$ cat query16.txt   # compact mmCIF, C-alpha atoms
# COMPACT_ATOMS: atom_id res chain seq x y z
CA MET Q 230 -42.04 26.26 26.59
CA LYS Q 231 -39.97 25.19 29.53
CA ILE Q 232 -41.36 22.04 31.08
CA ILE Q 233 -40.23 20.68 34.42
CA GLY Q 234 -41.62 17.77 36.31
CA VAL Q 235 -41.35 14.89 38.70
CA ALA Q 236 -41.80 11.20 37.86
CA ALA Q 237 -42.53 8.60 40.53
CA CYS Q 238 -44.15 5.15 40.42
CA THR Q 239 -45.22 2.54 42.95
CA SER Q 240 -42.05 0.47 43.11
CA GLY Q 241 -39.71 3.13 41.74
CA ILE Q 242 -37.90 0.72 39.46
CA ALA Q 243 -39.15 1.07 35.92
CA HIS Q 244 -42.19 3.22 35.12
CA THR Q 245 -40.61 6.30 36.72
CA TYR Q 246 -37.74 6.25 34.25
CA ILE Q 247 -39.81 5.32 31.22
CA ALA Q 248 -42.12 8.24 32.06
CA LYS Q 249 -39.14 10.59 32.28
CA GLY Q 250 -37.78 9.39 28.94
CA LYS Q 251 -41.17 9.76 27.27
CA ILE Q 252 -41.73 13.32 28.49
CA VAL Q 253 -38.23 14.46 27.50
CA LYS Q 254 -38.46 12.91 24.02
CA ALA Q 255 -41.96 14.23 23.33
CA ALA Q 256 -41.02 17.70 24.56
CA GLN Q 257 -37.98 17.82 22.31
CA ALA Q 258 -39.95 16.55 19.32
CA LEU Q 259 -42.43 19.38 19.82
CA GLY Q 260 -39.78 22.06 20.26
CA HIS Q 261 -39.80 22.39 24.03
CA THR Q 262 -37.33 21.63 26.81
CA ALA Q 263 -38.02 19.32 29.72
CA ASN Q 264 -36.17 18.69 32.98
CA ILE Q 265 -37.65 15.80 34.92
CA GLU Q 266 -36.69 14.80 38.44
CA THR Q 267 -37.09 11.13 39.33
CA GLN Q 268 -38.12 9.92 42.77
CA GLY Q 269 -37.39 6.20 42.66
CA THR Q 270 -36.34 3.31 44.83
CA ILE Q 271 -32.80 4.70 45.16
CA GLY Q 272 -34.01 8.18 45.96
CA THR Q 273 -34.20 11.47 44.09
CA GLU Q 274 -32.10 11.99 40.96
CA ASP Q 275 -31.80 14.96 38.63
CA GLU Q 276 -33.29 17.10 41.38
CA LEU Q 277 -34.86 20.28 40.02
CA THR Q 278 -32.95 23.44 40.91
CA PRO Q 279 -34.71 26.56 42.24
CA GLU Q 280 -33.66 28.31 38.99
CA GLU Q 281 -35.25 25.62 36.84
CA ILE Q 282 -38.44 25.80 38.88
CA LYS Q 283 -38.52 29.59 38.65
CA ALA Q 284 -38.07 29.59 34.88
CA ALA Q 285 -40.60 26.84 34.16
CA ASP Q 286 -43.86 27.45 32.31
CA VAL Q 287 -45.47 24.27 33.54
CA VAL Q 288 -44.88 21.44 36.00
CA ILE Q 289 -45.83 17.88 35.01
CA ILE Q 290 -46.21 15.56 37.96
CA ALA Q 291 -46.30 12.05 36.48
CA ALA Q 292 -46.82 9.98 39.59
CA ASP Q 293 -48.69 6.99 40.97
CA ILE Q 294 -47.72 7.88 44.54
CA LYS Q 295 -47.48 11.06 46.63
CA ILE Q 296 -44.35 12.93 45.58
CA GLY Q 297 -41.91 14.71 47.85
CA GLY Q 298 -41.35 18.47 47.72
CA ARG Q 299 -44.59 19.45 46.05
CA GLU Q 300 -44.55 22.79 47.88
CA ARG Q 301 -41.64 23.84 45.65
CA PHE Q 302 -44.15 24.36 42.84
CA LYS Q 303 -46.46 26.74 44.70
CA GLY Q 304 -47.91 29.30 42.29
CA LYS Q 305 -46.89 27.29 39.22
CA LYS Q 306 -49.21 25.74 36.68
CA ILE Q 307 -49.26 22.06 37.65
CA VAL Q 308 -50.51 19.16 35.53
CA GLU Q 309 -50.88 15.94 37.48
CA VAL Q 310 -51.23 12.59 35.70
CA PRO Q 311 -50.46 8.91 36.36
CA THR Q 312 -47.23 7.54 34.83
CA SER Q 313 -49.33 5.30 32.53
CA MET Q 314 -50.83 8.37 30.84
CA VAL Q 315 -47.40 9.84 30.11
CA ILE Q 316 -46.07 6.51 28.83
CA LYS Q 317 -49.07 5.98 26.58
CA ALA Q 318 -49.58 9.45 25.10
CA PRO Q 319 -46.74 11.86 25.92
CA LYS Q 320 -47.19 14.06 22.87
CA GLY Q 321 -50.94 14.27 23.40
CA LEU Q 322 -50.35 15.49 26.93
CA ILE Q 323 -47.87 18.16 25.89
CA LYS Q 324 -50.08 19.35 23.06
CA LYS Q 325 -52.95 19.68 25.51
CA ILE Q 326 -50.75 21.74 27.81
CA GLU Q 327 -49.77 23.97 24.87
CA GLU Q 328 -53.47 24.62 24.26
CA GLU Q 329 -54.14 25.32 27.93
CA LEU Q 330 -51.30 27.81 28.20
CA LYS Q 331 -52.49 29.71 25.14
CA LYS Q 332 -55.81 30.44 26.84
CA MET P 206 -25.11 8.56 33.04
CA ASN P 207 -21.99 8.61 30.88
CA GLU P 208 -19.72 7.96 33.82
CA LEU P 209 -21.72 4.88 34.60
CA THR P 210 -21.12 3.36 31.18
CA ASP P 211 -17.41 3.91 31.44
CA GLN P 212 -17.14 1.85 34.58
CA PHE P 213 -19.97 -0.63 34.44
CA SER P 214 -21.60 -2.49 31.67
CA ILE P 215 -24.96 -4.03 31.11
CA ALA P 216 -23.23 -7.40 31.55
CA ASP P 217 -23.42 -6.71 35.30
CA VAL P 218 -27.19 -7.18 35.20
CA ILE P 219 -27.83 -9.48 32.26
CA THR P 220 -25.98 -12.26 30.46
CA LYS P 221 -26.82 -14.56 27.55
CA ASP P 222 -28.11 -17.19 29.99
CA LEU P 223 -30.78 -14.71 31.05
CA ILE P 224 -32.13 -14.19 27.54
CA ASN P 225 -34.51 -16.61 25.89
CA LEU P 226 -35.73 -15.65 22.44
CA ASP P 227 -37.88 -18.76 22.24
CA LEU P 228 -39.97 -18.68 25.39
CA LYS P 229 -42.44 -21.57 25.57
CA ALA P 230 -45.00 -19.92 27.86
CA GLN P 231 -48.46 -19.29 26.45
CA ASN P 232 -49.81 -17.19 29.28
CA LYS P 233 -48.58 -14.50 31.66
CA GLU P 234 -48.17 -16.71 34.73
CA ASP P 235 -46.13 -19.30 32.84
CA ALA P 236 -43.97 -16.58 31.26
CA ILE P 237 -43.12 -15.11 34.68
CA ILE P 238 -42.36 -18.57 36.07
CA GLU P 239 -40.23 -19.51 33.04
CA LEU P 240 -38.15 -16.33 33.35
CA SER P 241 -37.92 -16.72 37.14
CA GLN P 242 -36.59 -20.24 36.62
CA MET P 243 -33.81 -18.81 34.43
CA LEU P 244 -32.91 -16.40 37.24
CA PHE P 245 -32.96 -19.28 39.74
CA ASP P 246 -30.72 -21.45 37.56
CA LYS P 247 -28.11 -18.68 37.55
CA GLY P 248 -28.35 -18.24 41.33
CA ILE P 249 -29.84 -14.75 41.01
CA ILE P 250 -32.90 -15.59 43.06
CA ASN P 251 -33.04 -18.26 45.73
CA SER P 252 -36.69 -19.25 45.29
CA VAL P 253 -38.86 -19.27 42.19
CA ASP P 254 -41.99 -19.47 44.37
CA ASP P 255 -41.15 -16.54 46.64
CA PHE P 256 -39.90 -14.33 43.85
CA SER P 257 -42.75 -14.97 41.43
CA LYS P 258 -45.22 -14.35 44.28
CA ASP P 259 -43.74 -10.84 44.67
CA VAL P 260 -43.92 -10.30 40.90
CA PHE P 261 -47.58 -11.39 40.80
CA GLY P 262 -48.22 -9.09 43.77
CA ARG P 263 -46.81 -6.15 41.80
CA GLU P 264 -48.93 -7.12 38.80
CA LYS P 265 -52.05 -6.57 40.91
CA GLU P 266 -51.01 -2.99 41.68
CA GLY P 267 -51.02 -1.80 38.10
CA MET P 268 -50.42 -2.88 34.54
CA THR P 269 -46.91 -3.64 33.38
CA GLY P 270 -47.67 -3.93 29.67
CA LEU P 271 -46.18 -0.83 28.05
CA GLY P 272 -47.79 -1.21 24.65
CA GLN P 273 -46.05 -2.21 21.40
CA GLY P 274 -46.00 -5.83 22.57
CA THR P 275 -43.69 -5.20 25.51
CA ALA P 276 -44.16 -5.87 29.23
CA ILE P 277 -41.97 -5.16 32.24
CA PRO P 278 -43.08 -7.29 35.18
CA HIS P 279 -40.89 -6.64 38.23
CA GLY P 280 -40.33 -7.86 41.72
CA LYS P 281 -38.46 -6.31 44.62
CA SER P 282 -37.98 -9.23 46.88
CA ASP P 283 -35.96 -10.79 49.70
CA SER P 284 -35.46 -13.80 47.44
CA VAL P 285 -33.32 -11.76 45.03
CA VAL P 286 -29.61 -12.33 45.61
CA LYS P 287 -28.32 -10.02 42.88
CA THR P 288 -30.30 -7.29 41.12
CA SER P 289 -30.70 -8.44 37.50
CA LEU P 290 -32.83 -8.69 34.39
CA ALA P 291 -34.20 -11.63 32.42
CA ILE P 292 -35.62 -11.19 28.94
CA GLY P 293 -37.92 -13.50 27.06
CA ARG P 294 -39.53 -13.39 23.66
CA THR P 295 -42.42 -15.64 22.68
CA ASN P 296 -43.34 -16.61 19.15
CA LEU P 297 -47.03 -16.06 19.73
CA PRO P 298 -48.23 -12.98 21.60
CA ILE P 299 -49.65 -13.69 25.06
CA LYS P 300 -52.45 -11.94 26.89
CA TRP P 301 -51.21 -9.22 29.23
CA GLU P 302 -52.70 -6.10 30.83
CA SER P 303 -51.23 -3.41 28.60
CA LEU P 304 -51.56 0.31 28.02
CA ASP P 305 -52.59 -0.33 24.42
CA GLU P 306 -54.77 -3.31 25.44
CA LYS P 307 -52.80 -5.57 23.11
CA PRO P 308 -50.99 -8.84 23.87
CA VAL P 309 -47.21 -8.95 24.35
CA ASN P 310 -44.35 -11.11 23.17
CA ILE P 311 -41.38 -9.31 24.75
CA ILE P 312 -41.17 -9.73 28.50
CA ILE P 313 -38.45 -7.99 30.47
CA LEU P 314 -38.45 -9.21 34.05
CA PHE P 315 -36.73 -6.93 36.58
CA ALA P 316 -35.48 -8.67 39.73
CA VAL P 317 -34.47 -6.18 42.41
CA ARG P 318 -32.99 -6.90 45.82
CA ASN P 319 -35.08 -5.62 48.67
CA THR P 320 -32.21 -3.71 50.20
CA ASP P 321 -29.57 -3.10 47.60
CA ALA P 322 -26.51 -1.35 48.88
CA ASN P 323 -25.16 -1.49 45.36
CA THR P 324 -27.07 1.20 43.51
CA VAL P 325 -25.06 0.57 40.34
CA HIS P 326 -27.19 -2.43 39.44
CA ILE P 327 -30.39 -0.49 39.99
CA LYS P 328 -29.03 2.33 37.84
CA LEU P 329 -28.33 -0.13 35.04
CA LEU P 330 -31.94 -1.29 35.29
CA GLN P 331 -33.04 2.34 35.14
CA ARG P 332 -31.03 2.77 31.95
CA VAL P 333 -32.90 -0.10 30.38
CA ALA P 334 -36.18 1.53 31.49
CA MET P 335 -35.05 4.78 29.84
CA LEU P 336 -34.32 2.88 26.63
CA LEU P 337 -37.89 1.59 26.68
CA ALA P 338 -39.10 5.17 26.15
CA ASP P 339 -37.64 4.95 22.66
CA GLU P 340 -39.91 3.45 20.00
CA ASP P 341 -37.00 2.44 17.79
CA PHE P 342 -35.49 0.49 20.66
CA ILE P 343 -38.75 -1.41 21.17
CA HIS P 344 -38.92 -2.12 17.45
CA HIS P 345 -35.42 -3.64 17.63
CA LEU P 346 -36.40 -5.79 20.65
CA HIS P 347 -38.89 -7.49 18.37
CA THR P 348 -36.48 -8.02 15.51
CA VAL P 349 -33.04 -8.91 16.98
CA GLU P 350 -32.01 -12.33 15.79
CA SER P 351 -29.56 -13.44 18.44
CA LYS P 352 -28.76 -13.13 22.15
CA ASP P 353 -25.56 -11.29 21.25
CA LYS P 354 -27.54 -8.71 19.29
CA MET P 355 -29.94 -8.39 22.22
CA LEU P 356 -27.05 -7.65 24.60
CA GLU P 357 -25.67 -5.14 22.10
CA LEU P 358 -29.05 -3.44 21.92
CA LEU P 359 -29.30 -3.25 25.72
CA SER P 360 -25.85 -1.65 25.97
CA LYS P 361 -27.06 1.32 23.97
CA GLU P 362 -26.84 4.70 25.63
CA PRO P 363 -30.32 6.14 26.26
CA THR P 364 -30.75 9.34 24.25
CA GLU P 365 -32.48 12.28 25.80

$ encode --input "query16.txt" --output "structure tokens"
Amino acid sequence: MKIIGVAACTSGIAHTYIAKGKIVKAAQALGHTANIETQGTIGTEDELTPEEIKAADVVIIAADIKIGGRERFKGKKIVEVPTSMVIKAPKGLIKKIEEELKK
Amino acid sequence: MNELTDQFSIADVITKDLINLDLKAQNKEDAIIELSQMLFDKGIINSVDDFSKDVFGREKEGMTGLGQGTAIPHGKSDSVVKTSLAIGRTNLPIKWESLDEKPVNIIILFAVRNTDANTVHIKLLQRVAMLLADEDFIHHLHTVESKDKMLELLSKEPTE
């Protein structure tokens, strides 16, 4: 499946980027693709394109704060979790999403 | 990210003087102070008190222990002169609020300037954060035998 998402943490220095790395690695290991935008202390990087959003099967919002541009995902399946959850059990999360999407 | 490596190296945010593989601290507070003192000695922060207060403040907002014996306390503070890292390793694990509820012995302290016009340093810190998503990298943090090897490890390109 095509996963997209946004990562954002309180201070925007570390957890945001660890969360991104964890999602991308877990997705690849399970045969999926993942494009994750980061909203950190130096702003937005790897901003999701409208094409990526359109093609996505699911949106993972891994955030400890309110993210910007949430309205872009209107009508999409959104999974919202804290960054800690993604850092701790990224594969578990993706497997759960796989199950959900099969329903 | 590749362009960044071509022009800037990890040496811009961490040097051998900011690595201590034999940290004496036996608790979290002492570990943060000990690492802050290293940053102060190199002129990277201008006050151990002010900086560590910001780090302790961040600690109250949420856990910085990532699991696998690694913690990433961080402070964004007016007392930071130059955005940098300090890394410490203790012989005995110390108690820390962690995602796997286990103690830590690798502590990577991120010191970030409150208003940093130079985003390069922050991007180098982000690269280190990305590396921390890799279990092999964390395994190596525990086993590297010298400061040189630690610097080599930190210069690795994060894989996606």

$ residues_around --input "query16.txt" --residues "segment 304-317 of chain Q" --least-positions-apart "2" --cutoff "6 Å" --atoms "all atoms listed in the file" --output "MDAnalysis selection string"
chainID Q and resid 248 287:293 302 319

$ interface_residues --input "query16.txt" --of "chain Q" --to "chain P" --cutoff "8 Å" --atoms "only C-alpha atoms" --output "PDB file with C-alpha atoms, keeping the file's coordinate frame"
ATOM      1  CA  SER Q 240     -42.050   0.470  43.110  1.00  0.00           C
ATOM      2  CA  ILE Q 242     -37.900   0.720  39.460  1.00  0.00           C
ATOM      3  CA  ALA Q 243     -39.150   1.070  35.920  1.00  0.00           C
ATOM      4  CA  HIS Q 244     -42.190   3.220  35.120  1.00  0.00           C
ATOM      5  CA  TYR Q 246     -37.740   6.250  34.250  1.00  0.00           C
ATOM      6  CA  ILE Q 247     -39.810   5.320  31.220  1.00  0.00           C
ATOM      7  CA  ALA Q 248     -42.120   8.240  32.060  1.00  0.00           C
ATOM      8  CA  LYS Q 249     -39.140  10.590  32.280  1.00  0.00           C
ATOM      9  CA  GLY Q 250     -37.780   9.390  28.940  1.00  0.00           C
ATOM     10  CA  LYS Q 251     -41.170   9.760  27.270  1.00  0.00           C
ATOM     11  CA  VAL Q 253     -38.230  14.460  27.500  1.00  0.00           C
ATOM     12  CA  LYS Q 254     -38.460  12.910  24.020  1.00  0.00           C
ATOM     13  CA  ILE Q 271     -32.800   4.700  45.160  1.00  0.00           C
ATOM     14  CA  SER Q 313     -49.330   5.300  32.530  1.00  0.00           C
ATOM     15  CA  ILE Q 316     -46.070   6.510  28.830  1.00  0.00           C
ATOM     16  CA  LYS Q 317     -49.070   5.980  26.580  1.00  0.00           C
TER      17      LYS Q 317
END

$ atom_distance --input "query16.txt" --atom1 "atom CA of Ile232 of chain Q" --atom2 "atom CA of Ala285 of chain Q"
5.8 Å

$ residues_around --input "query16.txt" --residues "Lys231 of chain Q" --least-positions-apart "2" --cutoff "8 Å" --atoms "all atoms listed in the file" --output "list of chain:residue names"
Q:Ile233, Q:His261, Q:Thr262, Q:Ala263, Q:Ala284, Q:Ala285, Q:Asp286, Q:Val287

$ closest_residue --input "query16.txt" --among "Q:Ala256, Q:Ala318, Q:Val235, Q:Ile326" --to "Arg301 of chain Q" --atoms "only C-alpha atoms"
Q:Val235

$ atom_distance --input "query16.txt" --atom1 "atom CA of Asp222 of chain P" --atom2 "atom CA of Arg294 of chain P"
13.6 Å

$ atom_distance --input "query16.txt" --atom1 "atom CA of Trp301 of chain P" --atom2 "atom CA of Gln273 of chain P"
11.7 Å

$ residues_around --input "query16.txt" --residues "segment 215-219 of chain P" --least-positions-apart "2" --cutoff "8 Å" --atoms "all atoms listed in the file" --output "PDB file with C-alpha atoms, keeping the file's coordinate frame"
ATOM      1  CA  PHE P 213     -19.970  -0.630  34.440  1.00  0.00           C
ATOM      2  CA  LYS P 221     -26.820 -14.560  27.550  1.00  0.00           C
ATOM      3  CA  LEU P 223     -30.780 -14.710  31.050  1.00  0.00           C
ATOM      4  CA  ILE P 224     -32.130 -14.190  27.540  1.00  0.00           C
ATOM      5  CA  THR P 288     -30.300  -7.290  41.120  1.00  0.00           C
ATOM      6  CA  SER P 289     -30.700  -8.440  37.500  1.00  0.00           C
ATOM      7  CA  LEU P 290     -32.830  -8.690  34.390  1.00  0.00           C
ATOM      8  CA  ALA P 291     -34.200 -11.630  32.420  1.00  0.00           C
ATOM      9  CA  HIS P 326     -27.190  -2.430  39.440  1.00  0.00           C
ATOM     10  CA  LEU P 329     -28.330  -0.130  35.040  1.00  0.00           C
ATOM     11  CA  LEU P 330     -31.940  -1.290  35.290  1.00  0.00           C
ATOM     12  CA  LEU P 356     -27.050  -7.650  24.600  1.00  0.00           C
ATOM     13  CA  LEU P 359     -29.300  -3.250  25.720  1.00  0.00           C
ATOM     14  CA  SER P 360     -25.850  -1.650  25.970  1.00  0.00           C
TER      15      SER P 360
END

$ residues_around --input "query16.txt" --residues "Ile296 of chain Q" --least-positions-apart "2" --cutoff "8 Å" --atoms "all atoms listed in the file" --output "list of chain:residue names"
Q:Val235, Q:Ala237, Q:Gln268, Q:Ala292, Q:Ile294, Q:Gly298, Q:Arg299

$ closest_residue --input "query16.txt" --among "P:Leu244, P:Ile299, P:Ser214, P:Ile238" --to "Lys361 of chain P" --atoms "only C-alpha atoms"
P:Ser214

$ closest_residue --input "query16.txt" --among "P:Val325, P:Met243, P:Ile237, P:Ile292" --to "Lys352 of chain P" --atoms "only C-alpha atoms"
P:Ile292

$ closest_residue --input "query16.txt" --among "P:Thr275, P:Asp259, P:Lys300, P:Glu264" --to "Lys233 of chain P" --atoms "only C-alpha atoms"
P:Lys300

$ axis_aligned_box --input "query16.txt" --around "segment 313-321 of chain Q" --padding-each-side "8 Å" --output "AutoDock Vina command-line options"
--center_x -48.5 --center_y 9.8 --center_z 27.7 --size_x 20.9 --size_y 25.0 --size_z 25.7

$ build_atoms --input "query16.txt" --residues "segment 303-321 of chain P" --atoms "N, CA and C atoms" --output "PDB file, in the coordinates of the input"
ATOM      1  N   SER P 303     -52.127  -4.359  29.246  1.00  0.00           N
ATOM      2  CA  SER P 303     -51.230  -3.410  28.600  1.00  0.00           C
ATOM      3  C   SER P 303     -51.887  -2.071  28.340  1.00  0.00           C
ATOM      4  N   LEU P 304     -51.054  -1.037  28.254  1.00  0.00           N
ATOM      5  CA  LEU P 304     -51.560   0.310  28.020  1.00  0.00           C
ATOM      6  C   LEU P 304     -52.285   0.425  26.687  1.00  0.00           C
ATOM      7  N   ASP P 305     -51.884  -0.379  25.707  1.00  0.00           N
ATOM      8  CA  ASP P 305     -52.590  -0.330  24.420  1.00  0.00           C
ATOM      9  C   ASP P 305     -53.574  -1.493  24.271  1.00  0.00           C
ATOM     10  N   GLU P 306     -53.796  -2.189  25.383  1.00  0.00           N
ATOM     11  CA  GLU P 306     -54.770  -3.310  25.440  1.00  0.00           C
ATOM     12  C   GLU P 306     -54.450  -4.417  24.437  1.00  0.00           C
ATOM     13  N   LYS P 307     -53.184  -4.516  24.052  1.00  0.00           N
ATOM     14  CA  LYS P 307     -52.800  -5.570  23.110  1.00  0.00           C
ATOM     15  C   LYS P 307     -51.901  -6.595  23.805  1.00  0.00           C
ATOM     16  N   PRO P 308     -51.846  -7.824  23.256  1.00  0.00           N
ATOM     17  CA  PRO P 308     -50.990  -8.840  23.870  1.00  0.00           C
ATOM     18  C   PRO P 308     -49.511  -8.523  23.691  1.00  0.00           C
ATOM     19  N   VAL P 309     -48.645  -9.239  24.414  1.00  0.00           N
ATOM     20  CA  VAL P 309     -47.210  -8.950  24.350  1.00  0.00           C
ATOM     21  C   VAL P 309     -46.429 -10.186  23.923  1.00  0.00           C
ATOM     22  N   ASN P 310     -45.248  -9.966  23.376  1.00  0.00           N
ATOM     23  CA  ASN P 310     -44.350 -11.110  23.170  1.00  0.00           C
ATOM     24  C   ASN P 310     -42.908 -10.823  23.609  1.00  0.00           C
ATOM     25  N   ILE P 311     -42.680  -9.606  24.134  1.00  0.00           N
ATOM     26  CA  ILE P 311     -41.380  -9.310  24.750  1.00  0.00           C
ATOM     27  C   ILE P 311     -41.634  -9.088  26.232  1.00  0.00           C
ATOM     28  N   ILE P 312     -40.966  -9.872  27.056  1.00  0.00           N
ATOM     29  CA  ILE P 312     -41.170  -9.730  28.500  1.00  0.00           C
ATOM     30  C   ILE P 312     -39.813  -9.491  29.152  1.00  0.00           C
ATOM     31  N   ILE P 313     -39.693  -8.330  29.781  1.00  0.00           N
ATOM     32  CA  ILE P 313     -38.450  -7.990  30.470  1.00  0.00           C
ATOM     33  C   ILE P 313     -38.736  -8.025  31.965  1.00  0.00           C
ATOM     34  N   LEU P 314     -38.194  -9.030  32.617  1.00  0.00           N
ATOM     35  CA  LEU P 314     -38.450  -9.210  34.050  1.00  0.00           C
ATOM     36  C   LEU P 314     -37.327  -8.564  34.867  1.00  0.00           C
ATOM     37  N   PHE P 315     -37.696  -7.623  35.723  1.00  0.00           N
ATOM     38  CA  PHE P 315     -36.730  -6.930  36.580  1.00  0.00           C
ATOM     39  C   PHE P 315     -36.740  -7.596  37.955  1.00  0.00           C
ATOM     40  N   ALA P 316     -35.594  -8.078  38.392  1.00  0.00           N
ATOM     41  CA  ALA P 316     -35.480  -8.670  39.730  1.00  0.00           C
ATOM     42  C   ALA P 316     -34.604  -7.736  40.572  1.00  0.00           C
ATOM     43  N   VAL P 317     -35.195  -7.170  41.614  1.00  0.00           N
ATOM     44  CA  VAL P 317     -34.470  -6.180  42.410  1.00  0.00           C
ATOM     45  C   VAL P 317     -34.373  -6.635  43.868  1.00  0.00           C
ATOM     46  N   ARG P 318     -33.185  -6.543  44.411  1.00  0.00           N
ATOM     47  CA  ARG P 318     -32.990  -6.900  45.820  1.00  0.00           C
ATOM     48  C   ARG P 318     -33.766  -5.934  46.701  1.00  0.00           C
ATOM     49  N   ASN P 319     -34.282  -6.451  47.783  1.00  0.00           N
ATOM     50  CA  ASN P 319     -35.080  -5.620  48.670  1.00  0.00           C
ATOM     51  C   ASN P 319     -34.270  -4.467  49.253  1.00  0.00           C
ATOM     52  N   THR P 320     -33.090  -4.777  49.738  1.00  0.00           N
ATOM     53  CA  THR P 320     -32.210  -3.710  50.200  1.00  0.00           C
ATOM     54  C   THR P 320     -30.923  -3.861  49.415  1.00  0.00           C
ATOM     55  N   ASP P 321     -30.762  -2.989  48.429  1.00  0.00           N
ATOM     56  CA  ASP P 321     -29.570  -3.100  47.600  1.00  0.00           C
ATOM     57  C   ASP P 321     -28.613  -1.970  47.924  1.00  0.00           C
TER      58      ASP P 321
END
